[in-house]
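Chemist: Sharing data-v9.txt below, compact mmCIF, C-alpha atoms:
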# COMPACT_ATOMS: atom_id res chain seq x y z
CA MET A 374 0.00 0.00 0.00
CA PRO A 375 2.69 2.60 0.71
CA LYS A 376 4.33 2.05 -2.67
CA ALA A 377 2.08 4.30 -4.68
CA PRO A 378 2.52 7.39 -2.47
CA LEU A 379 6.26 6.68 -2.22
CA THR A 380 6.50 6.40 -5.98
CA ARG A 381 4.75 9.72 -6.40
CA THR A 382 7.11 11.28 -3.84
CA VAL A 383 10.21 9.95 -5.58
CA THR A 384 8.87 11.03 -8.97
CA ALA A 385 8.15 14.57 -7.70
CA ALA A 386 11.61 14.85 -6.17
CA THR A 387 13.18 13.61 -9.41
CA LEU A 388 11.22 16.18 -11.41
CA LEU A 389 12.26 18.98 -9.06
CA LEU A 390 15.92 18.01 -9.40
CA ALA A 391 15.57 17.86 -13.18
CA VAL A 392 13.92 21.28 -13.33
CA ALA A 393 16.58 22.75 -11.07
CA ALA A 394 19.32 21.34 -13.27
CA LEU A 395 17.64 22.73 -16.36
CA LEU A 396 17.23 26.17 -14.84
CA TRP A 397 20.88 26.18 -13.81
CA ALA A 398 21.93 25.32 -17.36
CA LEU A 399 19.75 28.00 -18.97
CA PRO A 400 21.03 31.62 -19.32
CA ARG A 401 19.93 33.49 -16.23
CA ALA A 402 18.03 36.75 -16.61
CA GLY A 403 20.35 39.65 -16.05
CA ALA A 404 23.42 37.42 -15.95
CA PRO A 405 25.44 39.70 -18.29
CA GLY A 406 25.02 42.54 -15.80
CA ARG A 407 26.31 40.68 -12.76
CA ALA A 408 29.26 42.34 -11.04
CA ALA A 409 31.28 39.11 -11.35
CA ASP A 410 31.14 39.41 -15.16
CA CYS A 411 31.74 43.18 -15.26
CA THR A 412 35.20 44.54 -16.00
CA GLY A 413 36.46 48.04 -16.60
CA ARG A 414 35.96 49.69 -19.99
CA ARG A 415 37.35 52.81 -21.58
CA ILE A 416 37.75 54.40 -25.02
CA ALA A 417 40.54 52.35 -26.59
CA SER A 418 40.69 53.95 -30.05
CA TRP A 419 38.91 56.47 -32.20
CA SER A 420 38.73 57.87 -35.70
CA ALA A 421 37.00 60.85 -37.27
CA ASP A 422 33.51 60.14 -38.63
CA SER A 423 33.66 62.34 -41.70
CA ARG A 424 30.29 61.16 -43.00
CA HIS A 425 28.16 62.74 -40.28
CA THR A 426 30.40 65.80 -39.96
CA ALA A 427 30.15 66.41 -43.72
CA GLU A 428 26.37 65.89 -43.79
CA PHE A 429 25.78 68.63 -41.22
CA ALA A 430 28.14 70.91 -43.13
CA ARG A 431 26.28 70.19 -46.38
CA TYR A 432 22.89 70.85 -44.85
CA GLY A 433 24.06 73.96 -43.01
CA ASN A 434 25.59 75.43 -46.16
CA ASP A 435 22.53 74.76 -48.33
CA ASN A 436 20.77 78.05 -49.07
CA THR A 437 17.64 76.49 -50.55
CA ARG A 438 15.86 77.87 -47.49
CA THR A 439 16.99 80.65 -45.18
CA ASP A 440 14.84 79.73 -42.21
CA ASP A 441 16.56 76.44 -41.46
CA TRP A 442 19.52 75.21 -39.40
CA THR A 443 22.99 76.55 -40.20
CA GLY A 444 24.65 75.78 -36.86
CA GLY A 445 23.94 74.75 -33.29
CA ASP A 446 25.09 72.94 -30.18
CA GLY A 447 23.61 70.59 -27.59
CA THR A 448 23.52 67.75 -30.14
CA HIS A 449 21.20 64.81 -29.28
CA SER A 450 19.41 62.26 -31.45
CA VAL A 451 16.72 59.58 -31.36
CA ARG A 452 15.83 56.97 -33.98
CA LEU A 453 12.15 57.02 -34.95
CA PRO A 454 10.07 53.89 -35.65
CA ASP A 455 9.99 54.56 -39.41
CA GLY A 456 13.79 54.73 -39.64
CA ARG A 457 14.18 58.50 -39.63
CA THR A 458 16.35 60.20 -37.00
CA LEU A 459 15.32 63.28 -35.04
CA TRP A 460 18.24 65.52 -34.09
CA LEU A 461 17.72 67.98 -31.23
CA PHE A 462 19.72 71.17 -30.71
CA SER A 463 19.91 73.84 -28.08
CA ASP A 464 21.09 77.27 -29.28
CA THR A 465 20.70 77.47 -33.04
CA PHE A 466 21.70 79.77 -35.90
CA LEU A 467 19.56 80.10 -39.04
CA ASP A 468 19.81 82.11 -42.25
CA ARG A 469 22.04 82.42 -45.28
CA ILE A 470 25.60 81.13 -45.71
CA GLN A 471 28.00 83.16 -47.85
CA ALA A 472 31.02 81.92 -49.77
CA PRO A 473 34.53 82.98 -48.71
CA PRO A 474 36.19 85.28 -48.03
CA ASN A 475 34.47 86.44 -44.86
CA PRO A 476 34.40 90.09 -43.74
CA GLN A 477 37.76 89.56 -42.01
CA GLY A 478 39.32 88.47 -45.31
CA GLU A 479 39.66 84.82 -44.19
CA ASN A 480 38.97 81.84 -46.43
CA ARG A 481 35.91 80.85 -44.38
CA ARG A 482 32.22 80.43 -45.14
CA TRP A 483 30.25 82.95 -43.14
CA ARG A 484 26.70 83.62 -42.04
CA THR A 485 24.57 86.69 -42.71
CA ALA A 486 20.92 87.69 -43.08
CA ASP A 487 19.23 89.21 -46.06
CA THR A 488 17.27 91.53 -43.78
CA GLY A 489 20.03 92.80 -41.50
CA GLY A 490 20.37 90.82 -38.26
CA THR A 491 21.17 87.12 -38.17
CA PRO A 492 18.39 85.09 -36.50
CA PHE A 493 19.82 83.33 -33.46
CA LEU A 494 17.48 80.97 -31.64
CA ARG A 495 19.00 81.01 -28.18
CA HIS A 496 16.68 78.25 -27.22
CA ASN A 497 16.22 75.20 -29.46
CA SER A 498 15.42 73.58 -32.80
CA ALA A 499 15.15 70.10 -34.31
CA VAL A 500 16.33 68.63 -37.62
CA VAL A 501 14.89 65.56 -39.32
CA MET A 502 17.20 63.05 -41.05
CA SER A 503 15.84 60.60 -43.63
CA ARG A 504 16.29 56.83 -43.45
CA SER A 505 19.15 57.21 -45.96
CA GLY A 506 21.03 59.57 -43.66
CA ARG A 507 20.26 62.84 -45.43
CA LEU A 508 19.18 65.85 -43.37
CA GLU A 509 15.91 67.15 -44.81
CA ARG A 510 14.15 69.81 -42.75
CA THR A 511 14.35 71.99 -39.67
CA LEU A 512 11.60 72.18 -37.07
CA THR A 513 11.13 75.53 -35.36
CA GLY A 514 8.27 77.48 -33.88
CA GLY A 515 6.86 80.78 -35.09
CA THR A 516 6.79 81.48 -38.82
CA ALA A 517 9.26 81.44 -41.68
CA ALA A 518 9.52 85.22 -41.40
CA ALA A 519 9.86 85.17 -37.61
CA PRO A 520 11.07 81.73 -36.50
CA GLY A 521 11.05 80.83 -32.83
CA PRO A 522 12.06 77.88 -30.66
CA PHE A 523 10.47 74.52 -31.44
CA PHE A 524 9.87 73.95 -27.72
CA PRO A 525 8.33 77.31 -26.71
CA ASP A 526 9.73 79.45 -23.94
CA PRO A 527 8.09 78.82 -20.55
CA PRO A 528 5.59 81.34 -19.20
CA GLY A 529 7.26 84.15 -17.30
CA GLY A 530 10.52 84.06 -19.24
CA GLY A 531 13.44 81.72 -19.66
CA TRP A 532 13.94 78.94 -22.17
CA ARG A 533 14.01 75.21 -22.72
CA TRP A 534 17.00 73.16 -23.89
CA PRO A 535 16.22 69.65 -25.22
CA VAL A 536 18.47 66.83 -24.08
CA ARG A 537 17.86 63.07 -24.35
CA ALA A 538 14.79 61.62 -26.04
CA SER A 539 13.22 58.20 -26.50
CA VAL A 540 10.32 56.57 -28.29
CA GLU A 541 7.70 55.25 -25.84
CA PRO A 542 4.12 53.95 -25.84
CA ARG A 543 1.63 56.79 -25.62
CA ARG A 544 0.29 55.04 -22.53
CA PRO A 545 1.63 51.92 -20.80
CA GLY A 546 0.50 48.98 -22.88
CA SER A 547 -0.69 51.15 -25.76
CA PRO A 548 0.35 50.17 -29.30
CA GLY A 549 0.60 53.84 -30.27
CA LYS A 550 4.04 55.44 -29.99
CA VAL A 551 5.21 58.98 -29.23
CA VAL A 552 8.56 60.70 -28.70
CA ARG A 553 9.36 61.84 -25.16
CA VAL A 554 11.97 64.61 -25.01
CA LEU A 555 13.64 65.60 -21.76
CA LEU A 556 13.99 69.38 -21.43
CA TRP A 557 16.03 71.66 -19.18
CA ASN A 558 13.98 74.65 -18.08
CA ARG A 559 16.28 77.57 -17.28
CA ALA A 560 15.58 81.13 -16.17
CA PRO A 561 17.51 84.25 -17.29
CA GLY A 562 20.50 85.08 -15.12
CA THR A 563 23.58 87.26 -14.87
CA GLY A 564 27.19 86.76 -13.81
CA PRO A 565 27.91 83.05 -13.43
CA TRP A 566 24.38 82.33 -14.66
CA ILE A 567 24.58 83.96 -18.09
CA PHE A 568 23.68 80.54 -19.56
CA GLY A 569 20.57 80.40 -17.41
CA VAL A 570 19.60 79.55 -13.84
CA PRO A 571 18.57 75.87 -13.48
CA ARG A 572 14.83 75.66 -12.81
CA SER A 573 13.34 72.23 -13.59
CA THR A 574 13.40 69.08 -15.70
CA GLU A 575 10.45 68.67 -18.07
CA VAL A 576 9.25 66.09 -20.59
CA ALA A 577 7.75 67.04 -23.95
CA THR A 578 5.56 64.70 -26.01
CA LEU A 579 5.79 64.68 -29.81
CA SER A 580 3.31 62.88 -32.06
CA LEU A 581 4.37 60.22 -34.54
CA PRO A 582 4.93 60.32 -37.39
CA GLY A 583 4.17 64.05 -37.62
CA LEU A 584 6.42 65.26 -34.74
CA ARG A 585 3.82 67.74 -33.57
CA LEU A 586 4.38 69.09 -30.05
CA GLU A 587 1.46 67.82 -27.97
CA GLY A 588 2.41 69.08 -24.52
CA ILE A 589 5.09 69.62 -21.87
CA THR A 590 5.01 68.23 -18.32
CA ARG A 591 7.22 69.18 -15.40
CA THR A 592 8.73 66.06 -13.85
CA VAL A 593 11.43 67.30 -11.46
CA GLY A 594 11.06 70.83 -10.06
CA ARG A 595 14.05 72.10 -8.09
CA THR A 596 13.36 75.78 -7.42
CA SER A 597 12.93 74.93 -3.72
CA VAL A 598 16.72 74.44 -3.57
CA ALA A 599 18.04 77.86 -2.56
CA ASP A 600 21.48 77.46 -4.14
CA PRO A 601 21.03 77.32 -7.92
CA GLY A 602 24.40 75.59 -8.22
CA ARG A 603 22.99 72.57 -6.38
CA ARG A 604 19.84 72.22 -8.46
CA VAL A 605 20.03 69.00 -10.45
CA LEU A 606 18.70 68.90 -14.01
CA TYR A 607 18.14 65.40 -15.39
CA GLY A 608 18.48 64.24 -18.98
CA ALA A 609 22.17 64.65 -19.85
CA ALA A 610 21.99 60.91 -20.56
CA ALA A 611 19.24 58.29 -20.53
CA VAL A 612 19.80 54.55 -20.88
CA ARG A 613 17.15 51.81 -21.14
CA ASP A 614 18.10 48.69 -19.17
CA GLY A 615 15.59 45.93 -18.58
CA GLY A 616 12.34 47.41 -17.34
CA TRP A 617 13.87 50.78 -16.41
CA THR A 618 15.10 53.95 -18.02
CA TYR A 619 18.03 55.38 -16.06
CA VAL A 620 18.18 59.17 -16.39
CA PHE A 621 21.44 60.91 -15.48
CA GLY A 622 21.79 64.56 -14.49
CA SER A 623 24.13 66.98 -12.81
CA ASP A 624 24.31 70.05 -10.65
CA ASP A 625 26.06 73.21 -11.87
CA PRO A 626 28.22 74.89 -9.20
CA PRO A 627 29.56 78.14 -10.71
CA SER A 628 32.68 78.07 -8.50
CA SER A 629 33.90 74.74 -9.88
CA PRO A 630 34.81 73.62 -13.42
CA ALA A 631 33.24 70.23 -12.63
CA SER A 632 29.77 69.06 -11.65
CA SER A 633 28.57 66.05 -9.67
CA ALA A 634 26.52 63.40 -11.46
CA TYR A 635 23.19 62.02 -10.21
CA VAL A 636 20.85 59.29 -11.44
CA ALA A 637 17.11 58.65 -11.36
CA ARG A 638 15.17 55.74 -12.75
CA VAL A 639 11.73 55.52 -14.32
CA PRO A 640 9.77 52.42 -15.39
CA ALA A 641 10.22 51.99 -19.14
CA GLY A 642 7.57 53.98 -20.98
CA ARG A 643 6.77 56.38 -18.13
CA LEU A 644 9.19 59.28 -18.59
CA GLY A 645 6.32 61.77 -18.58
CA ASP A 646 4.79 60.41 -15.34
CA ARG A 647 6.34 62.44 -12.51
CA GLY A 648 5.02 60.04 -9.87
CA SER A 649 7.04 57.19 -11.37
CA TRP A 650 10.45 58.83 -10.96
CA ARG A 651 12.79 57.45 -8.26
CA PHE A 652 16.10 58.99 -7.21
CA TRP A 653 19.24 57.30 -5.90
CA ASP A 654 20.16 58.71 -2.48
CA GLY A 655 23.35 56.69 -1.97
CA ALA A 656 21.61 53.68 -0.45
CA GLN A 657 18.21 53.23 -2.11
CA TRP A 658 15.78 54.52 -4.73
CA GLN A 659 13.25 56.93 -3.31
CA ARG A 660 10.55 59.39 -4.35
CA ARG A 661 12.08 62.63 -3.06
CA ALA A 662 14.32 64.35 -5.60
CA GLY A 663 15.71 66.58 -2.87
CA ARG A 664 17.33 63.60 -1.17
CA ALA A 665 19.24 62.42 -4.24
CA GLY A 666 22.93 61.87 -3.63
CA PRO A 667 25.71 62.15 -6.22
CA VAL A 668 26.90 58.94 -7.83
CA LEU A 669 30.06 60.68 -9.06
CA ARG A 670 31.14 63.57 -6.88
CA GLU A 671 33.19 66.45 -8.26
CA GLY A 672 36.55 67.15 -6.64
CA GLY A 673 40.19 67.02 -7.69
CA ARG A 674 40.42 65.44 -11.13
CA ARG A 675 36.99 63.84 -10.78
CA GLY A 676 33.67 65.19 -11.93
CA VAL A 677 31.58 65.66 -15.04
CA GLY A 678 30.73 68.51 -17.33
CA SER A 679 27.17 69.75 -17.16
CA ALA A 680 26.61 67.78 -20.38
CA PHE A 681 27.87 64.20 -20.65
CA THR A 682 26.77 60.83 -22.02
CA VAL A 683 26.38 57.26 -20.73
CA VAL A 684 26.33 54.02 -22.75
CA ARG A 685 26.35 50.28 -22.08
CA ASP A 686 29.31 48.20 -23.22
CA GLY A 687 28.38 44.62 -22.38
CA PRO A 688 27.70 44.46 -18.64
CA ALA A 689 29.64 47.68 -17.99
CA TRP A 690 28.34 51.22 -17.95
CA VAL A 691 30.61 53.87 -19.53
CA LEU A 692 30.28 57.61 -18.87
CA ILE A 693 32.03 59.98 -21.30
CA THR A 694 32.49 63.60 -20.32
CA MET A 695 34.68 66.63 -20.77
CA ASP A 696 37.95 66.27 -18.89
CA THR A 697 37.03 68.83 -16.24
CA GLY A 698 40.17 67.95 -14.29
CA GLY A 699 42.23 69.44 -17.10
CA GLY A 700 41.57 72.91 -15.70
CA GLY A 701 40.81 76.15 -17.52
CA ALA A 702 40.54 76.07 -21.29
CA ALA A 703 42.08 72.58 -21.37
CA GLY A 704 38.89 71.26 -19.80
CA MET A 705 37.02 72.42 -22.92
CA ARG A 706 39.25 70.58 -25.36
CA ALA A 707 39.61 67.01 -24.11
CA LEU A 708 37.32 64.13 -23.17
CA THR A 709 37.70 61.38 -20.60
CA SER A 710 35.62 58.47 -19.32
CA TYR A 711 34.50 56.57 -16.22
CA TRP A 712 33.10 53.05 -15.87
CA SER A 713 30.86 51.22 -13.46
CA CYS A 714 29.02 47.92 -13.06
CA SER A 715 25.74 49.67 -12.23
CA PRO A 716 24.20 53.07 -12.97
CA GLN A 717 24.45 54.09 -9.31
CA GLY A 718 28.18 53.25 -9.16
CA PRO A 719 30.73 53.11 -7.84
CA TRP A 720 32.23 54.89 -10.85
CA HIS A 721 35.93 54.33 -11.57
CA GLY A 722 38.14 56.88 -13.31
CA PRO A 723 38.89 59.16 -14.95
CA ASN A 724 40.36 56.84 -17.57
CA GLY A 725 42.49 58.29 -20.34
CA ARG A 726 42.26 61.52 -22.29
CA LEU A 727 40.95 62.02 -25.82
CA THR A 728 41.58 65.31 -27.60
CA PRO A 729 39.24 65.41 -30.61
CA PRO A 730 40.14 67.43 -33.69
CA ARG A 731 38.90 71.00 -33.92
CA PRO A 732 38.42 72.97 -37.14
CA PRO A 733 41.29 75.25 -38.13
CA ALA A 734 40.85 78.82 -36.95
CA ALA A 735 42.81 82.05 -36.83
CA ASP A 736 42.74 81.93 -33.01
CA PRO A 737 42.77 78.19 -32.11
CA GLN A 738 43.38 78.87 -28.41
CA TYR A 739 39.74 80.01 -28.12
CA VAL A 740 38.14 77.09 -29.97
CA ALA A 741 36.39 74.75 -27.52
CA ALA A 742 35.29 71.11 -27.95
CA TYR A 743 32.61 70.07 -25.49
CA ASN A 744 29.33 68.20 -24.84
CA PRO A 745 30.18 64.63 -25.96
CA GLN A 746 27.04 62.70 -26.86
CA ALA A 747 26.66 59.07 -27.92
CA HIS A 748 24.40 58.12 -30.82
CA PRO A 749 24.02 54.34 -30.41
CA GLU A 750 21.54 54.10 -33.29
CA PHE A 751 24.49 54.61 -35.66
CA THR A 752 26.76 51.96 -34.10
CA ALA A 753 28.35 49.77 -36.79
CA ASP A 754 30.99 47.04 -36.56
CA GLY A 755 31.34 47.67 -32.85
CA ALA A 756 32.19 51.36 -33.28
CA LEU A 757 30.03 53.87 -31.42
CA VAL A 758 29.27 57.24 -33.02
CA LEU A 759 30.08 60.10 -30.64
CA SER A 760 29.39 63.77 -31.39
CA TYR A 761 30.95 66.80 -29.78
CA ASP A 762 30.17 70.49 -30.15
CA ILE A 763 32.47 73.27 -31.29
CA ASN A 764 32.35 76.84 -30.04
CA TRP A 765 34.47 79.95 -29.82
CA LEU A 766 35.12 81.16 -26.26
CA GLY A 767 37.23 84.25 -26.62
CA PRO A 768 38.70 86.63 -24.03
CA PRO A 769 36.28 87.96 -21.39
CA GLY A 770 34.14 90.78 -22.72
CA VAL A 771 34.64 89.89 -26.38
CA PRO A 772 31.30 88.95 -28.00
CA ALA A 773 31.27 85.55 -29.68
CA ASP A 774 28.62 86.13 -32.36
CA PRO A 775 30.84 88.04 -34.85
CA ARG A 776 33.42 85.25 -34.67
CA LEU A 777 30.85 82.45 -34.96
CA ASN A 778 29.09 84.16 -37.86
CA GLY A 779 32.42 84.81 -39.53
CA ASP A 780 33.33 81.11 -39.56
CA VAL A 781 30.37 78.71 -39.63
CA ASP A 782 32.54 75.69 -38.78
CA LEU A 783 32.94 77.09 -35.27
CA TYR A 784 29.37 76.28 -34.25
CA ARG A 785 28.58 72.89 -35.72
CA PRO A 786 28.84 69.35 -34.33
CA ARG A 787 31.65 67.05 -35.30
CA PHE A 788 31.69 63.27 -35.03
CA LEU A 789 33.97 60.41 -34.01
CA ARG A 790 33.76 56.63 -34.10
CA VAL A 791 35.08 55.17 -30.88
CA ARG A 792 35.87 51.63 -29.76
CA MET A 793 35.95 50.44 -26.18
CA GLY A 794 38.70 48.39 -24.57
CA PRO A 795 39.74 47.18 -21.11
CA ALA A 796 40.37 49.61 -18.27
CA GLY A 797 41.80 48.71 -14.89
CA ARG A 798 40.16 49.55 -11.61
Output the structure of this file as structure tokens.
Modeler:
Amino acid sequence: MPKAPLTRTVTAATLLLAVAALLWALPRAGAPGRAADCTGRRIASWSADSRHTAEFARYGNDNTRTDDWTGGDGTHSVRLPDGRTLWLFSDTFLDRIQAPPNPQGENRRWRTADTGGTPFLRHNSAVVMSRSGRLERTLTGGTAAAPGPFFPDPPGGGWRWPVRASVEPRRPGSPGKVVRVLLWNRAPGTGPWIFGVPRSTEVATLSLPGLRLEGITRTVGRTSVADPGRRVLYGAAAVRDGGWTYVFGSDDPPSSPASSAYVARVPAGRLGDRGSWRFWDGAQWQRRAGRAGPVLREGGRRGVGSAFTVVRDGPAWVLITMDTGGGGAAGMRALTSYWSCSPQGPWHGPNGRLTPPRPPAADPQYVAAYNPQAHPEFTADGALVLSYDINWLGPPGVPADPRLNGDVDLYRPRFLRVRMGPAGR
């Protein structure tokens, strides 16, 4: 009589052992991200990506229209479902490009306006690239005669700078897709805040495929922080990993060349839902943005620029930033990197120094290279496309616009292809 129950017991135990063995043999979820498999990574080699650099020069120099993009910085991109790419820019120049020589007698293309002043959108624009890689049209607000920012200025003054963007469901579980664009809302300022006082992080929603602006939502408001230099704006980088989007940001202390980096996470597809944001406080993820702690603290040679980028390389996370430890103007010419096994750190580095090429200029000591941004949608043969912005930062008190308008190459993105390699702890 006891044989039947015993047989069932033995059979159940055998099945459990078999299932356990099978589960052990199968790839485990998240196994590539385990710390035991994670080793240090850094930029091992690079080469100039002339294709993308030349395409922005071609489009900027094309005078078919005079109300489209001829130069800008704050370069970010997102691949759209139909294969197009949306490029987002902060400050933007429009108008007509003239053949050399420029008014200074230099062999440089230069920018002017048919009606007198050159339109300068201090705020933002967007440019659409076709599936074939050809830039086709500029998105701005206002009218052709009086263009304005694509993301309108906030009520009461100030402006919005677009940073990272992603394609998400319109609502969780919805088949319809939209583009969510993270924005930095900044207020006018003076002195150390001539580039704006940090105010809040917002998320804009764009329709697909038409790219119509549907609305803007504030997700992280930081005006309650008395010291503007300690207000964190999120969106310098955003990385999807599993069921989360990790959104990196930084503070902006005017007394230091470096900033500290912070990270928040949002369930995938919920960037525009402020209640879904969680912030790393050094020990756990929590709701209160004011309790966020830096994951990479500025000090000495460490720290990030206010604009940086983060990518995955296998199980490792790699952060690429301006080499703020270089000091002075040198910190606006070279890039460096950090690595970690998780978005919240610990981050190791800085690792190495990359000095990207800058366009020739009559006064090269004032030509800055800054704001490295990864464009993973263009990765090919293991090489990551990385953009960086070019600007002219002359002596104090000398206005930049005449120099930038006199040489259009001084305010356009340039591109590299970089490959990662091992980095020690």
Chemist: So that I can check the surroundings of region 559-569 of chain A, please list as a list in words every protein, DNA and RNA residue that reaches within 9 Å of it, counting all atoms listed in the file and ignoring chain neighbours fewer than 2 positions away.
Modeler: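 Neighbouring residues, sequence-local ones excluded: Pro527, Gly529, Gly530, Gly531, Trp532, Arg533, Trp534, Trp557, Pro571, Arg572, Ser573, Pro627 and Ser628 of chain A.
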Chemist: Region 432-439 of chain A: which residues within 8 Å, counting only C-alpha atoms, same-chain residues fewer than 5 positions away excluded, as a PDB file with C-alpha atoms, in the frame of the given file?
Modeler:
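Saved the output as selection.pdb:
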ATOM      1  CA  GLY A 444      24.650  75.780 -36.860  1.00  0.00           C
ATOM      2  CA  LEU A 467      19.560  80.100 -39.040  1.00  0.00           C
ATOM      3  CA  ASP A 468      19.810  82.110 -42.250  1.00  0.00           C
ATOM      4  CA  ARG A 469      22.040  82.420 -45.280  1.00  0.00           C
ATOM      5  CA  ILE A 470      25.600  81.130 -45.710  1.00  0.00           C
ATOM      6  CA  LEU A 508      19.180  65.850 -43.370  1.00  0.00           C
ATOM      7  CA  GLU A 509      15.910  67.150 -44.810  1.00  0.00           C
TER       8      GLU A 509
END
Chemist: Counting only C-alpha atoms, which residues of region 462-533 of chain A sit at most 12 Å from some atom of region 758-762 of chain A, and what is each one's closest atom pair with its distance in Å to one decimal, listed by chain and rising residue number, as a Markdown table?
Modeler:
| residue | atom | partner | partner_atom | distance |
| --- | --- | --- | --- | --- |
| A:Phe462 | CA | A:Asp762 | CA | 10.5 |
| A:Ser463 | CA | A:Asp762 | CA | 11.0 |
| A:Asp464 | CA | A:Asp762 | CA | 11.4 |
Chemist: At what distance in Å, to one decimal, does CA of Glu575 (chain A) lie from CA of Gly666 (chain A)?
Modeler: 20.3 Å
Chemist: Report, in Å with one decimal, the straight-line distance from CA of Tyr619 (chain A) to CA of Tyr607 (chain A).
Modeler: 10.0 Å
Chemist: Quick one: of A:Leu727, A:Ala417, A:Val552, A:Leu606, who's nearest to Glu587 (chain A), counting only C-alpha atoms?
Modeler: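 Of A:Leu727, A:Ala417, A:Val552, A:Leu606, the one nearest Glu587 (chain A), counting only C-alpha atoms, is A:Val552.
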Chemist: Quick one: everything within 7 Å of Ala538 (chain A), counting only C-alpha atoms, minus sequence neighbours fewer than 2 positions away in the same chain. Send it as a VMD selection string.
Modeler: chain A and resid 451 536 552 to 555
Chemist: From the set A:Thr448, A:Ser597, A:Thr465, A:Ser713, which residue has the shortest atom-to-atom contact distance to Gly663 (chain A), counting only C-alpha atoms?
Modeler: A:Ser597
Chemist: Rounded to one decimal, what separation in Å do you get between CA of Arg424 (chain A) and CA of Ala741 (chain A)?
Modeler: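 Atom-to-atom, CA of Arg424 (chain A) to CA of Ala741 (chain A), that is 21.5 Å.
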